[in-house]
Every structure is written in C-alpha cells, then in structure tokens.
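Enquirer: Sharing target_16.txt here; it has compact mmCIF, C-alpha atoms.
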# COMPACT_ATOMS: atom_id res chain seq x y z
CA MET A 1 18.66 -7.99 -15.01
CA ARG A 2 15.48 -9.45 -16.44
CA ARG A 3 13.03 -6.76 -17.48
CA ILE A 4 9.27 -7.22 -17.08
CA ILE A 5 6.33 -5.04 -18.10
CA VAL A 6 3.26 -5.41 -15.90
CA THR A 7 0.08 -3.95 -17.38
CA GLY A 8 -2.47 -2.90 -14.80
CA GLY A 9 0.22 -2.78 -12.14
CA ALA A 10 -1.63 -0.22 -10.04
CA GLY A 11 -4.65 -2.49 -9.62
CA PHE A 12 -5.27 -4.99 -6.86
CA ILE A 13 -3.55 -8.09 -8.25
CA GLY A 14 -1.20 -6.11 -10.47
CA SER A 15 0.18 -4.10 -7.56
CA ALA A 16 0.82 -7.32 -5.62
CA VAL A 17 2.77 -8.64 -8.60
CA VAL A 18 4.78 -5.40 -8.91
CA ARG A 19 5.56 -5.35 -5.19
CA HIS A 20 6.70 -8.98 -5.38
CA LEU A 21 8.90 -8.45 -8.45
CA ALA A 22 10.40 -5.13 -7.37
CA VAL A 23 12.14 -6.63 -4.35
CA GLN A 24 13.89 -9.28 -6.44
CA ASN A 25 17.52 -8.36 -6.98
CA ASP A 26 17.52 -9.50 -10.61
CA THR A 27 14.36 -7.79 -11.90
CA ALA A 28 13.46 -4.38 -13.32
CA VAL A 29 9.72 -3.67 -13.53
CA LEU A 30 7.76 -1.21 -15.64
CA ASN A 31 4.19 -0.67 -14.51
CA LEU A 32 1.88 0.43 -17.36
CA ASP A 33 -1.49 1.52 -15.99
CA LYS A 34 -4.25 3.83 -17.18
CA LEU A 35 -5.20 4.70 -13.58
CA THR A 36 -8.93 4.21 -13.92
CA TYR A 37 -11.06 4.40 -10.78
CA ALA A 38 -9.53 1.19 -9.37
CA GLY A 39 -5.90 2.02 -10.20
CA ASN A 40 -4.09 3.45 -7.21
CA LEU A 41 -0.40 4.35 -7.03
CA GLU A 42 -0.74 4.51 -3.25
CA SER A 43 -0.72 0.71 -3.39
CA LEU A 44 2.90 0.95 -4.58
CA VAL A 45 4.40 3.42 -2.11
CA SER A 46 6.66 0.68 -0.74
CA VAL A 47 8.45 0.35 -4.11
CA ALA A 48 7.95 3.82 -5.61
CA LYS A 49 11.53 4.91 -4.90
CA ASN A 50 13.09 1.62 -5.92
CA PRO A 51 15.43 2.30 -8.88
CA ALA A 52 14.36 -1.03 -10.41
CA TYR A 53 10.75 0.19 -10.67
CA GLN A 54 9.21 2.69 -13.06
CA PHE A 55 5.67 3.78 -13.89
CA VAL A 56 4.14 4.84 -17.19
CA ARG A 57 0.56 6.06 -17.31
CA GLY A 58 -1.11 4.74 -20.43
CA ASP A 59 -3.95 2.87 -22.09
CA ILE A 60 -3.40 -0.60 -23.57
CA CYS A 61 -5.62 0.48 -26.47
CA ASP A 62 -2.97 3.07 -27.43
CA ARG A 63 -0.82 1.22 -30.00
CA PRO A 64 1.82 3.96 -30.50
CA LEU A 65 2.33 4.18 -26.74
CA LEU A 66 2.71 0.41 -26.45
CA GLU A 67 5.25 0.36 -29.26
CA ARG A 68 7.27 3.14 -27.63
CA VAL A 69 7.25 1.47 -24.20
CA LEU A 70 8.28 -1.89 -25.64
CA ARG A 71 11.02 -0.33 -27.75
CA GLU A 72 12.49 1.77 -24.93
CA PHE A 73 12.15 -0.66 -22.01
CA GLU A 74 13.13 -3.78 -24.00
CA PRO A 75 11.29 -6.30 -21.79
CA ASP A 76 12.01 -9.99 -21.48
CA ALA A 77 8.37 -10.60 -20.59
CA VAL A 78 4.95 -8.96 -20.46
CA MET A 79 2.56 -9.83 -17.64
CA HIS A 80 -0.86 -8.68 -18.80
CA LEU A 81 -3.19 -7.85 -15.90
CA ALA A 82 -4.82 -4.64 -17.15
CA ALA A 83 -8.56 -5.28 -17.20
CA GLU A 84 -11.97 -4.10 -16.15
CA SER A 85 -12.80 -6.73 -13.56
CA HIS A 86 -15.96 -6.11 -11.53
CA VAL A 87 -18.99 -8.15 -12.59
CA ASP A 88 -21.46 -5.64 -11.16
CA ARG A 89 -19.93 -2.79 -13.14
CA SER A 90 -20.02 -4.93 -16.29
CA ILE A 91 -23.77 -5.27 -15.83
CA ASP A 92 -24.20 -1.51 -15.60
CA GLY A 93 -21.73 -0.64 -18.39
CA PRO A 94 -20.46 -3.52 -20.54
CA SER A 95 -18.89 -1.38 -23.27
CA ALA A 96 -15.89 -0.44 -21.13
CA PHE A 97 -15.20 -4.14 -20.58
CA ILE A 98 -15.27 -4.89 -24.30
CA ARG A 99 -12.94 -1.98 -25.02
CA THR A 100 -10.32 -2.75 -22.39
CA ASN A 101 -10.47 -6.52 -22.10
CA VAL A 102 -10.99 -7.37 -25.76
CA VAL A 103 -9.77 -4.47 -27.89
CA GLY A 104 -7.01 -3.61 -25.43
CA THR A 105 -5.73 -7.17 -25.29
CA ALA A 106 -5.74 -7.43 -29.10
CA THR A 107 -3.82 -4.15 -29.38
CA LEU A 108 -1.26 -5.30 -26.83
CA LEU A 109 -0.84 -8.61 -28.64
CA GLU A 110 -0.22 -6.84 -31.94
CA ALA A 111 2.42 -4.64 -30.37
CA ALA A 112 4.00 -7.59 -28.54
CA VAL A 113 4.29 -9.68 -31.72
CA ALA A 114 5.96 -6.82 -33.57
CA TYR A 115 8.42 -6.35 -30.69
CA TRP A 116 9.11 -10.08 -30.29
CA ARG A 117 9.82 -10.50 -33.99
CA GLY A 118 12.54 -7.87 -33.67
CA LEU A 119 14.38 -9.87 -31.03
CA THR A 120 17.13 -12.32 -31.90
CA GLY A 121 18.84 -15.35 -30.43
CA GLU A 122 18.39 -16.17 -26.77
CA ARG A 123 16.32 -13.07 -26.08
CA ARG A 124 13.75 -14.07 -28.68
CA ASP A 125 13.65 -17.65 -27.37
CA ALA A 126 13.26 -16.53 -23.76
CA PHE A 127 10.52 -13.91 -24.30
CA ARG A 128 7.15 -14.65 -22.66
CA PHE A 129 3.67 -13.09 -22.78
CA LEU A 130 1.71 -14.09 -19.67
CA HIS A 131 -2.01 -13.34 -19.79
CA ILE A 132 -3.79 -13.32 -16.43
CA SER A 133 -7.45 -14.32 -16.58
CA THR A 134 -10.25 -15.62 -14.35
CA ASP A 135 -12.09 -18.83 -13.53
CA GLU A 136 -15.33 -17.06 -14.41
CA VAL A 137 -14.73 -17.86 -18.10
CA TYR A 138 -15.72 -21.45 -17.28
CA GLY A 139 -19.25 -20.53 -16.24
CA SER A 140 -21.01 -21.98 -13.20
CA LEU A 141 -20.53 -25.31 -11.43
CA GLY A 142 -23.12 -27.43 -9.70
CA VAL A 143 -22.64 -28.76 -6.20
CA ASP A 144 -19.85 -31.10 -7.36
CA GLY A 145 -16.83 -30.87 -9.63
CA LEU A 146 -13.92 -28.50 -10.20
CA PHE A 147 -12.75 -26.29 -13.05
CA THR A 148 -9.74 -27.76 -14.84
CA GLU A 149 -7.68 -26.37 -17.69
CA THR A 150 -9.80 -28.40 -20.14
CA THR A 151 -13.20 -27.25 -18.84
CA PRO A 152 -15.20 -25.80 -21.77
CA TYR A 153 -15.71 -22.05 -21.68
CA ASP A 154 -19.22 -20.93 -20.72
CA PRO A 155 -19.10 -17.26 -19.61
CA ARG A 156 -22.31 -15.83 -18.13
CA SER A 157 -21.65 -12.10 -17.52
CA PRO A 158 -20.33 -9.28 -19.73
CA TYR A 159 -17.16 -9.35 -17.62
CA SER A 160 -16.50 -13.08 -17.98
CA ALA A 161 -17.43 -13.00 -21.67
CA SER A 162 -14.88 -10.24 -22.29
CA LYS A 163 -12.19 -12.19 -20.43
CA ALA A 164 -13.05 -15.37 -22.34
CA ALA A 165 -12.63 -13.42 -25.57
CA SER A 166 -9.23 -12.15 -24.43
CA ASP A 167 -8.12 -15.69 -23.56
CA HIS A 168 -9.06 -16.88 -27.04
CA LEU A 169 -7.20 -13.97 -28.63
CA VAL A 170 -4.03 -14.77 -26.69
CA MET A 171 -4.09 -18.40 -27.74
CA ALA A 172 -4.89 -17.42 -31.35
CA TRP A 173 -1.81 -15.18 -31.42
CA HIS A 174 0.23 -18.14 -30.22
CA HIS A 175 -1.06 -20.57 -32.84
CA THR A 176 -1.17 -18.07 -35.71
CA TYR A 177 1.93 -15.95 -35.11
CA GLY A 178 4.00 -18.12 -32.80
CA LEU A 179 3.98 -15.63 -29.90
CA PRO A 180 5.24 -17.51 -26.80
CA VAL A 181 2.24 -17.13 -24.50
CA LEU A 182 1.07 -18.49 -21.16
CA ILE A 183 -2.42 -18.14 -19.63
CA THR A 184 -3.54 -18.38 -16.02
CA ASN A 185 -7.11 -18.55 -14.76
CA CYS A 186 -7.49 -17.72 -11.09
CA SER A 187 -10.17 -18.00 -8.43
CA ASN A 188 -11.43 -15.07 -6.34
CA ASN A 189 -8.60 -13.05 -4.80
CA TYR A 190 -8.61 -11.19 -1.49
CA GLY A 191 -6.07 -9.40 0.66
CA PRO A 192 -4.46 -5.95 1.15
CA PHE A 193 -5.11 -3.04 -1.24
CA HIS A 194 -8.38 -4.51 -2.55
CA PHE A 195 -10.70 -1.83 -3.96
CA PRO A 196 -13.70 -1.69 -1.59
CA GLU A 197 -16.39 -2.42 -4.17
CA LYS A 198 -15.55 -6.12 -3.80
CA LEU A 199 -17.21 -8.29 -1.16
CA ILE A 200 -14.50 -8.73 1.46
CA PRO A 201 -13.22 -5.13 1.77
CA LEU A 202 -16.78 -3.79 1.43
CA VAL A 203 -17.94 -5.93 4.36
CA ILE A 204 -14.95 -5.00 6.53
CA LEU A 205 -15.38 -1.26 6.00
CA ASN A 206 -19.18 -1.30 6.24
CA ALA A 207 -18.91 -3.18 9.52
CA LEU A 208 -16.52 -0.59 10.96
CA ASP A 209 -19.00 2.12 9.95
CA GLY A 210 -21.95 0.23 11.41
CA LYS A 211 -23.57 -0.05 7.98
CA PRO A 212 -25.48 -3.05 6.58
CA LEU A 213 -23.38 -5.94 5.31
CA PRO A 214 -25.10 -6.76 2.00
CA ILE A 215 -25.27 -10.37 0.84
CA TYR A 216 -26.81 -11.25 -2.51
CA GLY A 217 -29.78 -13.62 -2.50
CA LYS A 218 -29.49 -16.31 0.18
CA GLY A 219 -25.72 -16.01 0.45
CA ASP A 220 -25.25 -19.56 -0.81
CA ASN A 221 -23.14 -18.75 -3.89
CA VAL A 222 -19.76 -20.46 -3.53
CA ARG A 223 -16.32 -19.13 -4.43
CA ASP A 224 -12.79 -20.49 -4.06
CA TRP A 225 -10.70 -17.86 -2.27
CA LEU A 226 -7.02 -17.15 -3.00
CA TYR A 227 -4.82 -14.78 -1.00
CA VAL A 228 -3.47 -12.20 -3.42
CA GLU A 229 0.18 -12.55 -2.44
CA ASP A 230 -0.03 -16.30 -3.06
CA HIS A 231 -1.45 -15.48 -6.49
CA ALA A 232 1.42 -13.09 -7.26
CA LYS A 233 3.94 -15.81 -6.43
CA ALA A 234 2.03 -18.29 -8.59
CA LEU A 235 2.16 -15.92 -11.56
CA VAL A 236 5.91 -15.50 -11.27
CA THR A 237 6.23 -19.29 -11.01
CA VAL A 238 4.26 -19.72 -14.24
CA LEU A 239 6.31 -17.03 -15.96
CA GLU A 240 9.57 -18.70 -14.99
CA ARG A 241 8.69 -22.39 -15.34
CA GLY A 242 5.52 -22.63 -17.40
CA VAL A 243 5.39 -24.40 -20.76
CA VAL A 244 4.69 -22.08 -23.69
CA GLY A 245 1.15 -22.43 -25.02
CA GLU A 246 -0.18 -23.93 -21.78
CA THR A 247 -2.90 -22.74 -19.39
CA TYR A 248 -2.56 -23.04 -15.61
CA ASN A 249 -5.42 -22.74 -13.12
CA VAL A 250 -4.59 -20.95 -9.86
CA GLY A 251 -6.79 -21.58 -6.83
CA GLY A 252 -6.57 -21.55 -3.08
CA SER A 253 -8.72 -24.66 -2.42
CA ASN A 254 -10.75 -22.54 0.00
CA GLU A 255 -14.39 -22.91 -0.98
CA ARG A 256 -16.78 -20.77 1.05
CA THR A 257 -20.32 -19.52 0.55
CA ASN A 258 -20.67 -15.76 0.54
CA LEU A 259 -22.50 -16.02 3.85
CA GLN A 260 -19.64 -18.02 5.36
CA VAL A 261 -17.16 -15.39 4.17
CA VAL A 262 -19.12 -12.57 5.76
CA GLU A 263 -19.63 -14.49 8.99
CA ALA A 264 -15.88 -15.21 9.15
CA ILE A 265 -15.11 -11.49 8.80
CA CYS A 266 -17.63 -10.70 11.53
CA GLY A 267 -16.00 -13.30 13.79
CA VAL A 268 -12.57 -11.71 13.35
CA LEU A 269 -13.95 -8.23 13.96
CA ASP A 270 -15.79 -9.40 17.07
CA ARG A 271 -12.46 -10.57 18.50
CA VAL A 272 -10.23 -7.67 17.50
CA CYS A 273 -12.69 -4.73 17.69
CA PRO A 274 -14.75 -5.23 20.86
CA GLU A 275 -14.77 -1.49 21.59
CA ARG A 276 -16.19 -0.67 18.17
CA ARG A 277 -18.82 -3.40 18.51
CA ALA A 278 -19.83 -2.02 21.90
CA ALA A 279 -20.01 1.53 20.52
CA LEU A 280 -22.43 0.31 17.85
CA GLY A 281 -24.57 -1.34 20.52
CA ILE A 282 -24.48 -4.83 19.00
CA GLU A 283 -23.46 -8.18 20.43
CA SER A 284 -21.84 -9.23 17.16
CA PHE A 285 -21.10 -7.65 13.83
CA ARG A 286 -23.28 -10.44 12.44
CA ALA A 287 -26.24 -8.30 13.46
CA LEU A 288 -25.42 -6.05 10.49
CA ILE A 289 -25.84 -8.83 7.89
CA THR A 290 -28.52 -7.89 5.37
CA PHE A 291 -29.77 -10.02 2.49
CA VAL A 292 -30.40 -8.04 -0.71
CA GLN A 293 -31.78 -8.76 -4.17
CA ASP A 294 -29.47 -11.07 -6.07
CA ARG A 295 -27.21 -9.99 -8.91
CA PRO A 296 -28.63 -10.68 -12.40
CA GLY A 297 -27.21 -13.94 -13.78
CA HIS A 298 -25.30 -14.69 -10.58
CA ASP A 299 -23.13 -17.82 -11.07
CA LYS A 300 -23.78 -20.41 -8.38
CA ARG A 301 -20.35 -21.91 -7.72
CA TYR A 302 -16.73 -21.59 -8.79
CA ALA A 303 -14.01 -24.01 -7.67
CA ILE A 304 -10.52 -24.48 -9.10
CA ASP A 305 -8.48 -27.63 -9.54
CA ALA A 306 -4.89 -26.33 -9.36
CA THR A 307 -3.30 -29.79 -9.55
CA LYS A 308 -1.41 -28.99 -12.76
CA LEU A 309 0.24 -25.90 -11.25
CA ARG A 310 1.05 -27.68 -8.00
CA THR A 311 2.47 -30.89 -9.47
CA GLN A 312 4.16 -29.63 -12.64
CA LEU A 313 5.52 -26.29 -11.42
CA GLY A 314 5.74 -26.84 -7.67
CA TRP A 315 3.56 -23.96 -6.46
CA THR A 316 1.45 -24.18 -3.32
CA PRO A 317 -0.45 -21.39 -1.52
CA GLU A 318 0.96 -20.36 1.83
CA GLU A 319 -2.25 -18.97 3.30
CA SER A 320 -5.43 -20.84 4.19
CA PHE A 321 -8.64 -18.83 4.19
CA ASP A 322 -8.61 -18.78 7.99
CA THR A 323 -5.12 -17.26 8.18
CA GLY A 324 -5.57 -14.99 5.16
CA ILE A 325 -8.81 -13.44 6.33
CA VAL A 326 -7.29 -12.51 9.69
CA LYS A 327 -4.37 -10.81 7.91
CA THR A 328 -6.76 -9.03 5.56
CA VAL A 329 -9.02 -7.67 8.30
CA GLN A 330 -6.02 -6.50 10.29
CA TRP A 331 -4.54 -4.78 7.24
CA TYR A 332 -7.69 -2.70 6.74
CA LEU A 333 -7.73 -1.82 10.44
CA ASP A 334 -4.10 -0.66 10.23
CA ASN A 335 -4.23 1.17 6.88
CA ALA A 336 -7.08 3.64 6.92
CA TRP A 337 -4.74 6.07 5.11
CA TRP A 338 -5.22 3.93 2.00
CA TRP A 339 -8.95 3.25 2.00
CA GLN A 340 -10.43 6.38 3.60
CA PRO A 341 -9.79 8.59 0.52
CA ILE A 342 -11.38 5.92 -1.67
CA ARG A 343 -14.50 5.75 0.48
CA ALA A 344 -14.70 9.56 0.56
CA GLU A 345 -13.92 10.32 -3.09
CA LYS A 346 -14.45 7.26 -5.32
CA TYR A 347 -16.75 4.66 -3.85
CA ALA A 348 -18.77 4.91 -0.64
CA GLY A 349 -20.30 1.42 -0.71
CA GLN A 350 -23.36 1.95 -2.91
CA ARG A 351 -24.99 -1.00 -4.72
CA LEU A 352 -23.69 -1.69 -8.24
CA GLY A 353 -25.04 -3.99 -10.91
CA GLY A 354 -28.62 -3.94 -9.71
CA THR A 355 -30.07 -3.21 -13.15
CA SER A 356 -29.79 -4.84 -16.53
CA ALA A 357 -28.01 -3.10 -19.40
Could the structure of this file be written out as structure tokens, please?
Expert:
Amino acid sequence: MRRIIVTGGAGFIGSAVVRHLAVQNDTAVLNLDKLTYAGNLESLVSVAKNPAYQFVRGDICDRPLLERVLREFEPDAVMHLAAESHVDRSIDGPSAFIRTNVVGTATLLEAAVAYWRGLTGERRDAFRFLHISTDEVYGSLGVDGLFTETTPYDPRSPYSASKAASDHLVMAWHHTYGLPVLITNCSNNYGPFHFPEKLIPLVILNALDGKPLPIYGKGDNVRDWLYVEDHAKALVTVLERGVVGETYNVGGSNERTNLQVVEAICGVLDRVCPERRAALGIESFRALITFVQDRPGHDKRYAIDATKLRTQLGWTPEESFDTGIVKTVQWYLDNAWWWQPIRAEKYAGQRLGGTSA
C-alpha cells in the first residue's frame, strides 16, 4: 500500500483529501493536525474506523514530532495542507499566520529532507512532497486576464504573503536540496464541512437564522469557485502524475461576484425552504442581504487558468457552480449535527478583519 501523510487533514480541504484517499484500496493515510479552531475530527467520522486511516494530533512547528511521525509511518508522500487560511483573521492577528504558514512549512521541509535522504532505491525516487497553496499569492486581477503558473507573485494580505513565502520555501528546498516537490495554487473552495466563517457557509446559516447576509463593499469582488471534492481529486492527480518541480493551478472556471454568490444561495433557499422563508415573513432570502464596510486591502478579482492541469494531467472538475452550490446548501440543511456546535461554541457569525493590525 502507498502511505501518505496529510497535514491539516482535519481542516476543510484537508478532510476532503483524507476522505478521498481513505476509500482507495491501495492507500494508508495519516492525518497530522493541530486541531486549531477550524480543525474538526467530526468532518472525518465517515473514515474514522477505517483501518487504513490514523490520526496524530500535532503541530508542524514541532520538529521532533515530525521526525517521529515520518520515521514510524514511513510515508511515500506528504501532502501539506496545514495552514492558517482566513484573510480576515490574518488582518486581526498576522503572527499566527507567519508561525504556521512560514515557520511551520520550513520545519516540515527540514524534517522531510532528512527523511527522504534516508530512503533508498525506488522508494527514494518515488517520494513526493506536495505543497497546497492559493491563488491569492498572485495578487489582484483587473477586469481581464487569468492567473497562470508564471504570473508574478504579488500578495496583498498577511495571509497571502505568508502563503507566498511558503511557496518560495518549498521551491528553494527543491533547488537547493533536491527534495522532489510539487506545488498547487487553487481558487476559492466551497462545499461540505466548510467552517462557517467563510462566505458561503456563513450566508447559508445566517439565512436560516434570519440574520443579515453581510457582503463587503458593493459585492463586486470576483472569485473563481471550485467545489472542494473536485479539488481533492485534482490534488491526488497532481501527486500521482505531476512533474517534480512544477506548479499546477487548480480552478473551477466559475467566476462570480460575491453578490452573485449570495444571490444564488438565496435562490436555492427560496426553492427548498419555503416554510422557513414564510416563518421569517420575507418574500425572498434576498431581503436579508446587507452591505457592510469593505475588508482592508480587499483584492478585486481572482481567476485561474487551469489549462496546464487539464491538458497535461487530464483533470477536469465535475461540478459547475450551479450544481455545486445546490449540493452545498442541501448539505448544510441535512447536517446541522456538524455545524450547530460550531455556531454555539466556536464562531457565531461575528465580523472578523474589520480593523487593521
């Protein structure tokens, strides 16, 4: 069996990757996660009893722990998803992003190089370190154009700057030490098990509660939306077929303004929750839309050109935004057991990132 370590495997994207890998007959998965506020083992209940899956609670800044896990599990690959990832939180507290995304990645790279150097023969040749990053490292687009793998880096927030730094570290470890690395940069993800501080789950749950649906500025900031399970499949594709030392952009080709995203969610809820809408005394959930002060340094537009991944490695997303958003809304309607404790104990929907550091 191939053996894969997934860092941050209890997070949103990480848990999707773990769930995808754990059902493969030829794969054993070790999930290494610190379980910060956004890490949730409830997202992995479907694989928790799978003998091919195991969990280790730990910090990627803990070098002795990393060395022990690598030595004992003997992975064929590391998929590095552990990261602080919310722009608004990076505005309020950037230091945590520097520690995890920069220092943590460097620590993991050091441990991975030491482990890889101890391998021999085919196992050494086959080892891969896949670093999962974001399109936000490229900065902000105008009304035209797409991010490609050769777009110059131009990060604008503490979050994107920390991820840009981690990307550069990964590539430096490849060129300096020979570590066989791969990098992916993805567009905005959405789907099941998404922590409700992010736009789509926040809007869904606020709407069900009859609370305002906050939209920054005029709602005209554009993002390219990617269904999380499509992203998980793309990452495994890159791990299996990608060329060492290469970067691959992953996008859904689903550009929407934030206002269009919120209006689409309201349209789905209007269709599937007429009783709730009537109980709130509104003709449409759109009546709850509220424009709020914009985020500091809010990037105008992101859009991914995923041609390289599609043509060279044969990946294509299965969900359009229209199909994915219906599945996402329905998942939150059907799985209150997952999000209700989060809303009650961790995050109730309050504004984040409204002040400068």
Enquirer: Counting all atoms listed in the file, what is within 8 Å of stretch 331-341 of chain A, bar same-chain residues fewer than 6 positions away, as a VMD selection string?
Expert: chain A and resid 42 to 43 192 to 193 196 201 204 to 205
Enquirer: Please determine, counting only C-alpha atoms, which residue among A:Ala303, A:Ala83, A:Val69, A:Val243 has the shortest atom-to-atom distance to A:Leu35.
Expert: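 Comparing A:Ala303, A:Ala83, A:Val69, A:Val243 against A:Leu35, the winner is A:Ala83.
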Enquirer: Of the candidates A:Ile91, A:Val170, A:Ala82, A:Ile132, which one gets nearest to A:Leu109 if we count all atoms listed in the file?
Expert: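 Closest to A:Leu109 of all the choices is A:Val170.
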Enquirer: Compute the distance from (-21.5, 3.0, -1.6) to each atom, counting only C-alpha atoms, keep the residues with any atom at most 12 Å away, and return them as a JSON list (two decimals) with C-alpha atoms, in the frame of the given file; use the coordinates of the file.
Expert:
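And here's result.json as it stands now:
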[["chain", "number", "residue", "atom", "x", "y", "z"],
["A", 196, "PRO", "CA", -13.70, -1.69, -1.59],
["A", 197, "GLU", "CA", -16.39, -2.42, -4.17],
["A", 198, "LYS", "CA", -15.55, -6.12, -3.80],
["A", 202, "LEU", "CA", -16.78, -3.79, 1.43],
["A", 203, "VAL", "CA", -17.94, -5.93, 4.36],
["A", 205, "LEU", "CA", -15.38, -1.26, 6.00],
["A", 206, "ASN", "CA", -19.18, -1.30, 6.24],
["A", 209, "ASP", "CA", -19.00, 2.12, 9.95],
["A", 211, "LYS", "CA", -23.57, -0.05, 7.98],
["A", 212, "PRO", "CA", -25.48, -3.05, 6.58],
["A", 213, "LEU", "CA", -23.38, -5.94, 5.31],
["A", 214, "PRO", "CA", -25.10, -6.76, 2.00],
["A", 342, "ILE", "CA", -11.38, 5.92, -1.67],
["A", 343, "ARG", "CA", -14.50, 5.75, 0.48],
["A", 344, "ALA", "CA", -14.70, 9.56, 0.56],
["A", 345, "GLU", "CA", -13.92, 10.32, -3.09],
["A", 346, "LYS", "CA", -14.45, 7.26, -5.32],
["A", 347, "TYR", "CA", -16.75, 4.66, -3.85],
["A", 348, "ALA", "CA", -18.77, 4.91, -0.64],
["A", 349, "GLY", "CA", -20.30, 1.42, -0.71],
["A", 350, "GLN", "CA", -23.36, 1.95, -2.91],
["A", 351, "ARG", "CA", -24.99, -1.00, -4.72],
["A", 352, "LEU", "CA", -23.69, -1.69, -8.24]]
Enquirer: Go through A:Leu30, A:Gln24, A:Leu41, A:Val103 and flag the residue nearest A:Cys61, using only C-alpha atoms for the distances.
Expert: A:Val103
Enquirer: Work out how far atom CA of A:Thr323 is from atom CA of A:Leu199, in Å to one decimal.
Expert: 17.7 Å
Enquirer: Some atoms are missing, so please complete stretch 314-322 of chain A with all heavy atoms and return it as a PDB file, in the coordinates of the input.
Expert:
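Done, and the output landed in out.pdb:
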ATOM      1  N   GLY A 314       5.303 -26.865  -9.061  1.00  0.00           N
ATOM      2  CA  GLY A 314       5.740 -26.840  -7.670  1.00  0.00           C
ATOM      3  C   GLY A 314       5.217 -25.714  -6.812  1.00  0.00           C
ATOM      4  O   GLY A 314       5.756 -25.446  -5.735  1.00  0.00           O
ATOM      5  N   TRP A 315       4.129 -25.055  -7.262  1.00  0.00           N
ATOM      6  CA  TRP A 315       3.560 -23.960  -6.460  1.00  0.00           C
ATOM      7  C   TRP A 315       2.520 -24.483  -5.489  1.00  0.00           C
ATOM      8  O   TRP A 315       1.725 -25.369  -5.828  1.00  0.00           O
ATOM      9  CB  TRP A 315       2.906 -22.927  -7.376  1.00  0.00           C
ATOM     10  CG  TRP A 315       2.100 -21.888  -6.630  1.00  0.00           C
ATOM     11  CD1 TRP A 315       2.562 -20.722  -6.097  1.00  0.00           C
ATOM     12  CD2 TRP A 315       0.695 -21.930  -6.335  1.00  0.00           C
ATOM     13  NE1 TRP A 315       1.534 -20.035  -5.486  1.00  0.00           N
ATOM     14  CE2 TRP A 315       0.380 -20.758  -5.622  1.00  0.00           C
ATOM     15  CE3 TRP A 315      -0.327 -22.852  -6.603  1.00  0.00           C
ATOM     16  CZ2 TRP A 315      -0.919 -20.480  -5.171  1.00  0.00           C
ATOM     17  CZ3 TRP A 315      -1.615 -22.580  -6.159  1.00  0.00           C
ATOM     18  CH2 TRP A 315      -1.900 -21.397  -5.450  1.00  0.00           C
ATOM     19  N   THR A 316       2.526 -23.932  -4.280  1.00  0.00           N
ATOM     20  CA  THR A 316       1.450 -24.180  -3.320  1.00  0.00           C
ATOM     21  C   THR A 316       1.149 -22.879  -2.587  1.00  0.00           C
ATOM     22  O   THR A 316       2.065 -22.091  -2.303  1.00  0.00           O
ATOM     23  CB  THR A 316       1.825 -25.250  -2.273  1.00  0.00           C
ATOM     24  OG1 THR A 316       3.040 -24.858  -1.620  1.00  0.00           O
ATOM     25  CG2 THR A 316       2.003 -26.605  -2.913  1.00  0.00           C
ATOM     26  N   PRO A 317      -0.130 -22.611  -2.278  1.00  0.00           N
ATOM     27  CA  PRO A 317      -0.450 -21.390  -1.520  1.00  0.00           C
ATOM     28  C   PRO A 317       0.049 -21.500  -0.088  1.00  0.00           C
ATOM     29  O   PRO A 317       0.060 -22.585   0.505  1.00  0.00           O
ATOM     30  CB  PRO A 317      -1.982 -21.343  -1.575  1.00  0.00           C
ATOM     31  CG  PRO A 317      -2.409 -22.763  -1.773  1.00  0.00           C
ATOM     32  CD  PRO A 317      -1.328 -23.410  -2.611  1.00  0.00           C
ATOM     33  N   GLU A 318       0.458 -20.382   0.465  1.00  0.00           N
ATOM     34  CA  GLU A 318       0.960 -20.360   1.830  1.00  0.00           C
ATOM     35  C   GLU A 318      -0.136 -20.047   2.840  1.00  0.00           C
ATOM     36  O   GLU A 318      -0.021 -20.411   4.008  1.00  0.00           O
ATOM     37  CB  GLU A 318       2.086 -19.317   1.947  1.00  0.00           C
ATOM     38  CG  GLU A 318       3.298 -19.642   1.085  1.00  0.00           C
ATOM     39  CD  GLU A 318       4.374 -18.574   1.168  1.00  0.00           C
ATOM     40  OE1 GLU A 318       4.297 -17.707   2.064  1.00  0.00           O
ATOM     41  OE2 GLU A 318       5.299 -18.590   0.321  1.00  0.00           O
ATOM     42  N   GLU A 319      -1.189 -19.368   2.386  1.00  0.00           N
ATOM     43  CA  GLU A 319      -2.250 -18.970   3.300  1.00  0.00           C
ATOM     44  C   GLU A 319      -3.495 -19.835   3.110  1.00  0.00           C
ATOM     45  O   GLU A 319      -3.931 -20.079   1.985  1.00  0.00           O
ATOM     46  CB  GLU A 319      -2.647 -17.500   3.074  1.00  0.00           C
ATOM     47  CG  GLU A 319      -1.534 -16.496   3.284  1.00  0.00           C
ATOM     48  CD  GLU A 319      -1.062 -16.396   4.726  1.00  0.00           C
ATOM     49  OE1 GLU A 319      -1.817 -16.821   5.635  1.00  0.00           O
ATOM     50  OE2 GLU A 319       0.052 -15.897   4.940  1.00  0.00           O
ATOM     51  N   SER A 320      -4.083 -20.287   4.211  1.00  0.00           N
ATOM     52  CA  SER A 320      -5.430 -20.840   4.190  1.00  0.00           C
ATOM     53  C   SER A 320      -6.407 -19.669   4.265  1.00  0.00           C
ATOM     54  O   SER A 320      -6.010 -18.521   4.528  1.00  0.00           O
ATOM     55  CB  SER A 320      -5.652 -21.769   5.382  1.00  0.00           C
ATOM     56  OG  SER A 320      -5.662 -21.019   6.597  1.00  0.00           O
ATOM     57  N   PHE A 321      -7.684 -19.928   4.056  1.00  0.00           N
ATOM     58  CA  PHE A 321      -8.640 -18.830   4.190  1.00  0.00           C
ATOM     59  C   PHE A 321      -8.654 -18.305   5.621  1.00  0.00           C
ATOM     60  O   PHE A 321      -8.750 -17.087   5.841  1.00  0.00           O
ATOM     61  CB  PHE A 321     -10.049 -19.271   3.776  1.00  0.00           C
ATOM     62  CG  PHE A 321     -11.046 -18.155   3.830  1.00  0.00           C
ATOM     63  CD1 PHE A 321     -11.100 -17.212   2.813  1.00  0.00           C
ATOM     64  CD2 PHE A 321     -11.909 -18.025   4.905  1.00  0.00           C
ATOM     65  CE1 PHE A 321     -12.008 -16.162   2.870  1.00  0.00           C
ATOM     66  CE2 PHE A 321     -12.827 -16.984   4.963  1.00  0.00           C
ATOM     67  CZ  PHE A 321     -12.869 -16.053   3.940  1.00  0.00           C
ATOM     68  N   ASP A 322      -8.546 -19.196   6.589  1.00  0.00           N
ATOM     69  CA  ASP A 322      -8.610 -18.780   7.990  1.00  0.00           C
ATOM     70  C   ASP A 322      -7.450 -17.852   8.358  1.00  0.00           C
ATOM     71  O   ASP A 322      -7.640 -16.860   9.086  1.00  0.00           O
ATOM     72  CB  ASP A 322      -8.612 -20.003   8.905  1.00  0.00           C
ATOM     73  CG  ASP A 322      -9.892 -20.817   8.788  1.00  0.00           C
ATOM     74  OD1 ASP A 322     -10.922 -20.244   8.384  1.00  0.00           O
ATOM     75  OD2 ASP A 322      -9.859 -22.024   9.092  1.00  0.00           O
TER      76      ASP A 322
END
